[in-house]
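File shown: entry_4.cif (mmCIF, C-alpha atoms).
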```
data_query
loop_
_atom_site.group_PDB
_atom_site.id
_atom_site.type_symbol
_atom_site.label_atom_id
_atom_site.label_comp_id
_atom_site.auth_asym_id
_atom_site.auth_seq_id
_atom_site.Cartn_x
_atom_site.Cartn_y
_atom_site.Cartn_z
ATOM 1 C CA ALA A 2 6.556 -11.698 1.182
ATOM 2 C CA VAL A 3 10.184 -11.697 -0.019
ATOM 3 C CA ALA A 4 11.446 -12.566 3.463
ATOM 4 C CA MET A 5 8.907 -15.392 3.728
ATOM 5 C CA LEU A 6 9.872 -16.868 0.359
ATOM 6 C CA CYS A 7 13.580 -16.629 1.136
ATOM 7 C CA ALA A 8 12.996 -18.473 4.430
ATOM 8 C CA GLN A 9 11.140 -21.249 2.606
ATOM 9 C CA ARG A 10 13.837 -21.667 -0.040
ATOM 10 C CA GLY A 11 16.875 -21.158 2.149
ATOM 11 C CA TYR A 12 18.015 -17.889 0.569
ATOM 12 C CA LYS A 13 19.717 -15.145 2.529
ATOM 13 C CA CYS A 14 17.537 -12.035 2.469
ATOM 14 C CA VAL A 15 18.497 -8.390 2.971
ATOM 15 C CA ILE A 16 15.757 -5.745 2.982
ATOM 16 C CA THR A 17 16.367 -1.996 2.927
ATOM 17 C CA MET A 18 13.676 0.081 4.579
ATOM 18 C CA ALA A 19 13.348 3.807 5.182
ATOM 19 C CA GLU A 20 13.343 4.908 8.811
ATOM 20 C CA PRO A 21 9.685 6.103 8.980
ATOM 21 C CA PHE A 22 8.243 2.653 8.220
ATOM 22 C CA SER A 23 6.708 0.970 11.236
ATOM 23 C CA VAL A 24 8.849 -0.973 13.703
ATOM 24 C CA GLU A 25 6.457 -3.915 13.329
ATOM 25 C CA ARG A 26 7.530 -4.333 9.711
ATOM 26 C CA ARG A 27 11.180 -4.578 10.711
ATOM 27 C CA LYS A 28 10.447 -7.117 13.438
ATOM 28 C CA LEU A 29 8.241 -9.258 11.202
ATOM 29 C CA MET A 30 10.927 -9.519 8.541
ATOM 30 C CA ARG A 31 13.647 -10.207 11.091
ATOM 31 C CA MET A 32 11.383 -12.897 12.568
ATOM 32 C CA LEU A 33 11.399 -14.460 9.096
ATOM 33 C CA GLY A 34 15.191 -14.440 9.103
ATOM 34 C CA ALA A 35 15.813 -11.351 6.952
ATOM 35 C CA LYS A 36 18.435 -8.695 7.653
ATOM 36 C CA VAL A 37 16.785 -5.255 7.684
ATOM 37 C CA ILE A 38 18.937 -2.272 6.767
ATOM 38 C CA VAL A 39 17.243 0.943 7.907
ATOM 39 C CA THR A 40 18.007 4.044 5.826
ATOM 40 C CA PRO A 41 17.726 7.658 7.053
ATOM 41 C CA LYS A 42 14.360 9.409 6.871
ATOM 42 C CA ALA A 43 15.883 12.254 4.837
ATOM 43 C CA GLY A 44 16.632 9.855 1.980
ATOM 44 C CA LYS A 45 12.917 8.976 1.575
ATOM 45 C CA ALA A 46 11.926 5.905 -0.443
ATOM 46 C CA GLY A 47 14.453 6.770 -3.134
ATOM 47 C CA GLY A 48 17.199 6.439 -0.541
ATOM 48 C CA MET A 49 16.239 2.910 0.436
ATOM 49 C CA VAL A 50 16.013 1.913 -3.243
ATOM 50 C CA ALA A 51 19.459 3.402 -3.938
ATOM 51 C CA LYS A 52 20.896 1.622 -0.880
ATOM 52 C CA ALA A 53 19.508 -1.704 -2.084
ATOM 53 C CA ALA A 54 21.102 -1.190 -5.499
ATOM 54 C CA GLU A 55 24.403 -0.189 -3.895
ATOM 55 C CA LEU A 56 24.461 -3.278 -1.679
ATOM 56 C CA ALA A 57 23.566 -5.588 -4.572
ATOM 57 C CA GLU A 58 26.336 -4.101 -6.706
ATOM 58 C CA GLU A 59 28.928 -4.342 -3.934
ATOM 59 C CA HIS A 60 28.176 -7.916 -2.906
ATOM 60 C CA GLY A 61 26.962 -9.447 -6.165
ATOM 61 C CA TRP A 62 23.448 -9.994 -4.816
ATOM 62 C CA PHE A 63 20.196 -10.334 -6.778
ATOM 63 C CA LEU A 64 18.186 -7.092 -6.775
ATOM 64 C CA CYS A 65 14.405 -7.480 -6.969
ATOM 65 C CA HIS A 66 13.775 -4.241 -8.925
ATOM 66 C CA GLN A 67 10.116 -4.394 -7.863
ATOM 67 C CA PHE A 68 9.529 -0.808 -9.002
ATOM 68 C CA GLU A 69 10.790 -1.517 -12.526
ATOM 69 C CA THR A 70 10.332 -5.177 -13.443
ATOM 70 C CA ASP A 71 7.513 -6.231 -15.786
ATOM 71 C CA ALA A 72 7.230 -9.438 -13.750
ATOM 72 C CA ASN A 73 5.516 -7.320 -11.069
ATOM 73 C CA TRP A 74 2.485 -6.207 -13.057
ATOM 74 C CA LYS A 75 2.322 -9.353 -15.187
ATOM 75 C CA PHE A 76 1.736 -11.483 -12.101
ATOM 76 C CA HIS A 77 -1.213 -9.287 -11.109
ATOM 77 C CA GLU A 78 -2.544 -9.607 -14.656
ATOM 78 C CA LEU A 79 -2.402 -13.392 -14.263
ATOM 79 C CA THR A 80 -3.786 -13.585 -10.716
ATOM 80 C CA THR A 81 -5.314 -10.507 -9.073
ATOM 81 C CA GLY A 82 -7.307 -9.296 -12.082
ATOM 82 C CA PRO A 83 -8.882 -12.699 -12.802
ATOM 83 C CA GLU A 84 -9.614 -13.225 -9.095
ATOM 84 C CA ILE A 85 -11.562 -9.957 -8.913
ATOM 85 C CA LEU A 86 -13.723 -10.679 -11.954
ATOM 86 C CA ASN A 87 -14.183 -14.364 -11.062
ATOM 87 C CA ASP A 88 -15.436 -13.373 -7.617
ATOM 88 C CA MET A 89 -17.950 -11.019 -9.228
ATOM 89 C CA GLY A 90 -19.576 -13.902 -11.121
ATOM 90 C CA ASP A 91 -22.463 -12.567 -13.163
ATOM 91 C CA THR A 92 -22.539 -9.258 -11.250
ATOM 92 C CA LYS A 93 -21.410 -6.290 -13.307
ATOM 93 C CA LEU A 94 -18.420 -4.458 -11.818
ATOM 94 C CA ASP A 95 -18.914 -0.717 -12.208
ATOM 95 C CA TYR A 96 -15.863 0.622 -10.322
ATOM 96 C CA TRP A 97 -12.549 -0.775 -9.153
ATOM 97 C CA VAL A 98 -10.780 1.502 -6.642
ATOM 98 C CA THR A 99 -7.080 1.242 -5.789
ATOM 99 C CA GLY A 100 -4.035 3.163 -4.660
ATOM 100 C CA TYR A 101 -0.447 2.406 -5.625
ATOM 101 C CA GLY A 102 2.919 1.499 -4.156
ATOM 102 C CA THR A 103 4.946 0.012 -6.972
ATOM 103 C CA GLY A 104 1.966 0.290 -9.322
ATOM 104 C CA GLY A 105 1.958 -3.454 -9.999
ATOM 105 C CA THR A 106 -1.616 -4.125 -8.878
ATOM 106 C CA TYR A 107 -2.986 -1.087 -10.694
ATOM 107 C CA HIS A 108 -1.106 -1.877 -13.914
ATOM 108 C CA GLY A 109 -1.587 -5.650 -14.049
ATOM 109 C CA ALA A 110 -5.038 -6.113 -12.539
ATOM 110 C CA GLY A 111 -6.229 -2.922 -14.237
ATOM 111 C CA LYS A 112 -5.047 -4.151 -17.623
ATOM 112 C CA TYR A 113 -6.922 -7.432 -17.194
ATOM 113 C CA ILE A 114 -10.089 -5.772 -15.923
ATOM 114 C CA LYS A 115 -10.166 -3.286 -18.797
ATOM 115 C CA GLU A 116 -9.671 -6.053 -21.362
ATOM 116 C CA LYS A 117 -12.368 -8.325 -19.922
ATOM 117 C CA SER A 118 -14.775 -5.696 -18.561
ATOM 118 C CA PRO A 119 -14.204 -2.491 -20.570
ATOM 119 C CA ASP A 120 -17.156 -0.678 -18.988
ATOM 120 C CA THR A 121 -15.620 -0.950 -15.528
ATOM 121 C CA LYS A 122 -14.240 2.387 -14.373
ATOM 122 C CA ILE A 123 -10.865 2.287 -12.659
ATOM 123 C CA VAL A 124 -10.299 4.805 -9.884
ATOM 124 C CA LEU A 125 -6.727 5.538 -8.819
ATOM 125 C CA ALA A 126 -5.928 7.305 -5.553
ATOM 126 C CA GLU A 127 -2.818 8.927 -4.125
ATOM 127 C CA PRO A 128 -2.107 11.170 -1.097
ATOM 128 C CA GLU A 129 -3.027 14.814 -1.564
ATOM 129 C CA ALA A 130 0.313 15.705 0.028
ATOM 130 C CA ALA A 131 2.174 13.679 -2.597
ATOM 131 C CA ASN A 132 0.191 14.246 -5.782
ATOM 132 C CA LEU A 133 2.872 12.950 -8.127
ATOM 133 C CA LEU A 134 0.515 11.819 -10.886
ATOM 134 C CA ALA A 135 -1.683 14.869 -10.622
ATOM 135 C CA SER A 136 1.348 17.142 -10.968
ATOM 136 C CA GLY A 137 1.971 16.003 -14.541
ATOM 137 C CA ILE A 138 5.720 16.007 -13.844
ATOM 138 C CA ALA A 139 7.613 12.920 -14.980
ATOM 139 C CA THR A 140 10.200 11.118 -12.883
ATOM 140 C CA GLU A 141 13.763 11.336 -14.167
ATOM 141 C CA ARG A 142 15.277 7.870 -14.520
ATOM 142 C CA ASN A 143 18.543 5.986 -14.625
ATOM 143 C CA ASP A 144 19.259 3.609 -17.483
ATOM 144 C CA ASP A 145 17.637 0.701 -15.612
ATOM 145 C CA GLY A 146 14.407 2.655 -15.077
ATOM 146 C CA SER A 147 15.051 3.363 -11.405
ATOM 147 C CA PRO A 148 14.469 6.942 -10.198
ATOM 148 C CA ASN A 149 17.206 9.502 -10.512
ATOM 149 C CA GLY A 150 16.232 11.792 -7.660
ATOM 150 C CA SER A 151 13.176 12.717 -5.625
ATOM 151 C CA HIS A 152 9.991 13.932 -7.331
ATOM 152 C CA PRO A 153 9.362 17.676 -6.821
ATOM 153 C CA ALA A 154 5.666 17.129 -5.984
ATOM 154 C CA PHE A 155 6.407 14.748 -3.128
ATOM 155 C CA SER A 156 6.011 15.601 0.527
ATOM 156 C CA ALA A 157 5.765 13.294 3.519
ATOM 157 C CA HIS A 158 2.460 11.496 4.058
ATOM 158 C CA PRO A 159 1.235 8.882 6.587
ATOM 159 C CA ILE A 160 0.128 6.179 4.116
ATOM 160 C CA GLN A 161 2.953 3.660 4.469
ATOM 161 C CA GLY A 162 3.484 1.541 1.379
ATOM 162 C CA TRP A 163 1.785 4.078 -0.913
ATOM 163 C CA THR A 164 3.324 6.657 -3.225
ATOM 164 C CA PRO A 165 7.092 6.742 -2.808
ATOM 165 C CA ASP A 166 8.966 9.955 -3.656
ATOM 166 C CA PHE A 167 9.081 8.965 -7.326
ATOM 167 C CA ILE A 168 6.736 7.548 -9.952
ATOM 168 C CA PRO A 169 7.653 3.856 -10.303
ATOM 169 C CA LEU A 170 8.346 2.689 -13.842
ATOM 170 C CA VAL A 171 5.738 -0.070 -13.381
ATOM 171 C CA LEU A 172 3.144 2.595 -12.605
ATOM 172 C CA GLU A 173 4.257 4.858 -15.441
ATOM 173 C CA LYS A 174 3.834 2.044 -17.947
ATOM 174 C CA GLY A 175 0.359 1.414 -16.573
ATOM 175 C CA GLU A 176 -0.520 5.066 -17.011
ATOM 176 C CA GLU A 177 0.571 4.843 -20.642
ATOM 177 C CA LEU A 178 -2.240 2.289 -21.166
ATOM 178 C CA ASN A 179 -4.846 4.905 -20.128
ATOM 179 C CA LEU A 180 -6.338 2.568 -17.529
ATOM 180 C CA LYS A 181 -7.440 5.300 -15.134
ATOM 181 C CA ASP A 182 -10.957 6.748 -15.486
ATOM 182 C CA GLU A 183 -11.088 8.731 -12.260
ATOM 183 C CA TYR A 184 -8.596 10.109 -9.757
ATOM 184 C CA VAL A 185 -9.013 10.686 -6.015
ATOM 185 C CA ALA A 186 -6.640 12.688 -3.814
ATOM 186 C CA ILE A 187 -6.577 11.507 -0.182
ATOM 187 C CA PRO A 188 -6.551 14.427 2.311
ATOM 188 C CA ASP A 189 -4.345 14.198 5.375
ATOM 189 C CA GLY A 190 -5.908 12.324 8.290
ATOM 190 C CA VAL A 191 -8.819 10.601 6.558
ATOM 191 C CA ALA A 192 -6.996 7.310 5.951
ATOM 192 C CA VAL A 193 -6.373 6.819 9.668
ATOM 193 C CA GLU A 194 -9.947 7.856 10.506
ATOM 194 C CA MET A 195 -11.398 5.409 7.979
ATOM 195 C CA ALA A 196 -9.177 2.539 9.154
ATOM 196 C CA GLN A 197 -10.297 3.179 12.752
ATOM 197 C CA SER A 198 -13.934 3.327 11.640
ATOM 198 C CA LEU A 199 -13.635 0.029 9.749
ATOM 199 C CA ALA A 200 -12.255 -1.637 12.881
ATOM 200 C CA LYS A 201 -14.895 -0.276 15.248
ATOM 201 C CA ASN A 202 -17.942 -0.566 12.988
ATOM 202 C CA GLU A 203 -17.187 -3.414 10.586
ATOM 203 C CA GLY A 204 -14.673 -5.595 12.420
ATOM 204 C CA ILE A 205 -12.136 -5.098 9.610
ATOM 205 C CA LEU A 206 -8.643 -4.527 11.003
ATOM 206 C CA THR A 207 -6.815 -2.942 8.094
ATOM 207 C CA GLY A 208 -3.831 -0.632 7.897
ATOM 208 C CA ILE A 209 -3.578 3.025 6.940
ATOM 209 C CA SER A 210 -3.336 2.203 3.222
ATOM 210 C CA GLY A 211 -6.489 0.106 3.531
ATOM 211 C CA GLY A 212 -8.217 3.067 5.149
ATOM 212 C CA ALA A 213 -7.081 5.303 2.292
ATOM 213 C CA THR A 214 -8.424 2.912 -0.335
ATOM 214 C CA MET A 215 -11.749 2.601 1.473
ATOM 215 C CA TRP A 216 -12.047 6.373 1.806
ATOM 216 C CA ALA A 217 -11.479 6.716 -1.936
ATOM 217 C CA ALA A 218 -14.131 4.059 -2.564
ATOM 218 C CA VAL A 219 -16.677 5.839 -0.346
ATOM 219 C CA GLU A 220 -16.017 9.155 -2.092
ATOM 220 C CA THR A 221 -16.423 7.419 -5.452
ATOM 221 C CA ALA A 222 -19.691 5.846 -4.303
ATOM 222 C CA LYS A 223 -21.091 9.257 -3.349
ATOM 223 C CA ASN A 224 -20.984 10.316 -6.991
ATOM 224 C CA ALA A 225 -21.738 6.951 -8.591
ATOM 225 C CA PRO A 226 -25.171 6.138 -10.063
ATOM 226 C CA GLU A 227 -27.640 4.421 -7.733
ATOM 227 C CA GLY A 228 -27.044 0.667 -7.567
ATOM 228 C CA SER A 229 -23.431 0.826 -8.715
ATOM 229 C CA VAL A 230 -21.118 -2.015 -7.667
ATOM 230 C CA LEU A 231 -17.651 -1.075 -6.405
ATOM 231 C CA VAL A 232 -14.652 -3.210 -5.450
ATOM 232 C CA ALA A 233 -11.911 -1.885 -3.179
ATOM 233 C CA MET A 234 -9.047 -4.092 -2.004
ATOM 234 C CA LEU A 235 -7.626 -3.712 1.511
ATOM 235 C CA PRO A 236 -4.431 -5.810 1.251
ATOM 236 C CA ASP A 237 -2.958 -4.889 4.616
ATOM 237 C CA THR A 238 -3.452 -5.657 8.292
ATOM 238 C CA GLY A 239 -3.692 -3.217 11.176
ATOM 239 C CA GLU A 240 -1.301 -5.264 13.307
ATOM 240 C CA ARG A 241 1.628 -3.799 11.349
ATOM 241 C CA TYR A 242 0.747 -0.329 12.653
ATOM 242 C CA LEU A 243 0.770 -0.603 16.457
ATOM 243 C CA SER A 244 3.576 1.974 16.710
ATOM 244 C CA THR A 245 2.059 4.410 14.196
ATOM 245 C CA PRO A 246 -0.589 7.178 14.322
ATOM 246 C CA LEU A 247 -3.248 4.529 13.602
ATOM 247 C CA PHE A 248 -3.002 3.378 17.225
ATOM 248 C CA ALA A 249 -1.924 6.681 18.808
ATOM 249 C CA SER A 250 -5.328 7.156 20.448
ATOM 250 C CA ILE A 251 -5.560 3.545 21.628
ATOM 251 C CA SER A 252 -4.302 3.112 25.188
ATOM 252 C CA ALA A 253 -2.799 -0.092 26.560
ATOM 253 C CA ASP A 254 -4.100 0.789 30.025
ATOM 254 C CA MET A 255 -7.704 0.639 31.186
ATOM 255 C CA ASN A 256 -9.698 3.851 30.850
ATOM 256 C CA GLU A 257 -12.303 5.095 33.354
ATOM 257 C CA GLU A 258 -15.149 3.180 31.745
ATOM 258 C CA GLU A 259 -13.163 -0.055 31.777
ATOM 259 C CA MET A 260 -12.224 0.515 35.434
ATOM 260 C CA GLU A 261 -15.891 0.956 36.296
ATOM 261 C CA ILE A 262 -16.691 -2.359 34.599
ATOM 262 C CA ALA A 263 -13.863 -4.038 36.515
ATOM 263 C CA LYS A 264 -15.165 -2.674 39.825
ATOM 264 C CA SER A 265 -18.724 -3.802 39.086
ATOM 265 C CA THR A 266 -17.759 -7.197 40.583
ATOM 266 C CA PRO A 267 -15.626 -7.632 43.708
ATOM 267 C CA SER A 268 -12.688 -9.814 42.644
ATOM 268 C CA TYR A 269 -9.427 -9.378 40.686
ATOM 269 C CA ILE A 270 -9.422 -5.610 40.409
ATOM 270 C CA LEU A 271 -6.183 -4.145 39.052
ATOM 271 C CA GLU A 272 -5.334 -1.008 40.996
#
```

When written as structure tokens, how does the structure in this file appear?
Amino acid sequence: AVAMLCAQRGYKCVITMAEPFSVERRKLMRMLGAKVIVTPKAGKAGGMVAKAAELAEEHGWFLCHQFETDANWKFHELTTGPEILNDMGDTKLDYWVTGYGTGGTYHGAGKYIKEKSPDTKIVLAEPEAANLLASGIATERNDDGSPNGSHPAFSAHPIQGWTPDFIPLVLEKGEELNLKDEYVAIPDGVAVEMAQSLAKNEGILTGISGGATMWAAVETAKNAPEGSVLVAMLPDTGERYLSTPLFASISADMNEEEMEIAKSTPSYILE
């Protein structure tokens, strides 16, 4: 989104991105004219954030501070939250299920939903392997609110865009509002399985984070009263994950069944 906006307005754009993020993300942003600076895997998300701050300081560039700025969650309070409730119309919303990256959607949309529909239960999910919120351990911060080191409860997980190796200040401020009613930990592997299931059975091509959110929603539904209405947002597309475990089992070559179909008529058979 930043690269797209910079292209529209003629700004130079530099994005720092940790090495494990998908190659498709790098190519998409470079297609939009951005320079992508890849940081070592060992530095985790905190490393790419620190590199961005270092570059901004050295060159006098504007730093987005998306993990700290109130503008992040306030925009979701003005847009995402109202959109959810407006789309519901007269239907009562019983549960809203979400994960977090910066925490902006959870904080801003959650704040709006709680104010306008206080009976709605908000369910927040994070990877079981990186249960930062569940640990109860706070993130140590620099003066500007950015993280000062990696969170001790963090370990690597496959849900790109979710749960960096620190608790973002935007998320922490949202937690201080007591928005969360329920918490779901996402076990390893289920996000990919759910994303693949959504594609095959529902025609919804979402990414790994979308699969994680949907898995959390299904688990919530299992324990919800009969007739409950749930909303889960899947704000990602599977096309950003072609080089990741989401597509590891998907071959580019024809399998035996496809070869049999090809041979069922006589012409144009690829050998």

Fill in: Reference answer for the PyMOL selection byres ((chain A and resi 247) around 12), as number ranges by chain
A: 23, 159-161, 190-200, 206-213, 238-246, 248-252

Discussion item. Which residue is closest to Glu78 of chain A? Choose from A:Glu116, A:Glu127, A:Glu173, A:Glu141 and count all atoms listed in the file.
Written reply: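 The shortest atom-to-atom distance to Glu78 of chain A comes from A:Glu116.
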
Test item: axis-aligned box, all listed atoms of segment 112-120 of chain A, 6 Å on each side, centre and edges in Å rounded to one decimal, as AutoDock Vina command-line options:
```
--center_x -11.1 --center_y -4.5 --center_z -18.6 --size_x 24.1 --size_y 19.6 --size_z 17.4
```

Discussion item. If I take atom CA of Asp120 of chain A and atom CA of Leu231 of chain A, how far is one from the other in Å, to one decimal?
Written reply: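 A separation of 12.6 Å between them.
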
Practice prompt. Please tell me which residues are no farther than 12 Å from (-1.3, -2.4, -8.7) in the file, counting only C-alpha atoms, and write them as a ChimeraX atom specification.
Written response: /A:67-68,71,73-78,80-82,97-114,123-126,162-164,169,171-176,180-181,233-234,236

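Atom CA of Leu64 of chain A is positioned 11.1 Å from atom CA of Thr17 of chain A.
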
Discussion item. For this structure, which residues satisfy the selection - the PyMOL selection byres ((chain A and resi 49) around 8) - when it is evaluated on the file as given? I want them as a ChimeraX atom specification.
Written reply: /A:17-19,39-40,44-48,50-53

Fill in: Residues in the PyMOL selection byres ((chain A and resi 148) around 10), expressed as an NGL selection string
:A and (47 or 50-51 or 68-69 or 140-147 or 149-152 or 166-170)

Fill in: Pick from A:Lys93, A:Lys264, A:Lys201, A:His158, whichever lies nearest to Val232 of chain A using all atoms listed in the file
A:Lys93

Worksheet entry | One-decimal distance in Å that lies between atom CA of Glu203 of chain A and atom CA of Thr121 of chain A |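 Taking atom CA of Thr121 of chain A as the start and atom CA of Glu203 of chain A as the end point, the length is 26.3 Å.
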
Item to complete: Considering all atoms listed in the file, return as a ChimeraX atom specification whatever protein or nucleic-acid residues lie within 7 Å of Pro128 of chain A, sequence-local ones (same chain, fewer than 6 positions apart) excluded.
Response: /A:158,186-188

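For the choices A:Glu258, A:Glu183, A:Glu55, A:Asp237, the atom-to-atom distance to Ala225 of chain A is smallest for A:Glu183 when using all atoms listed in the file.
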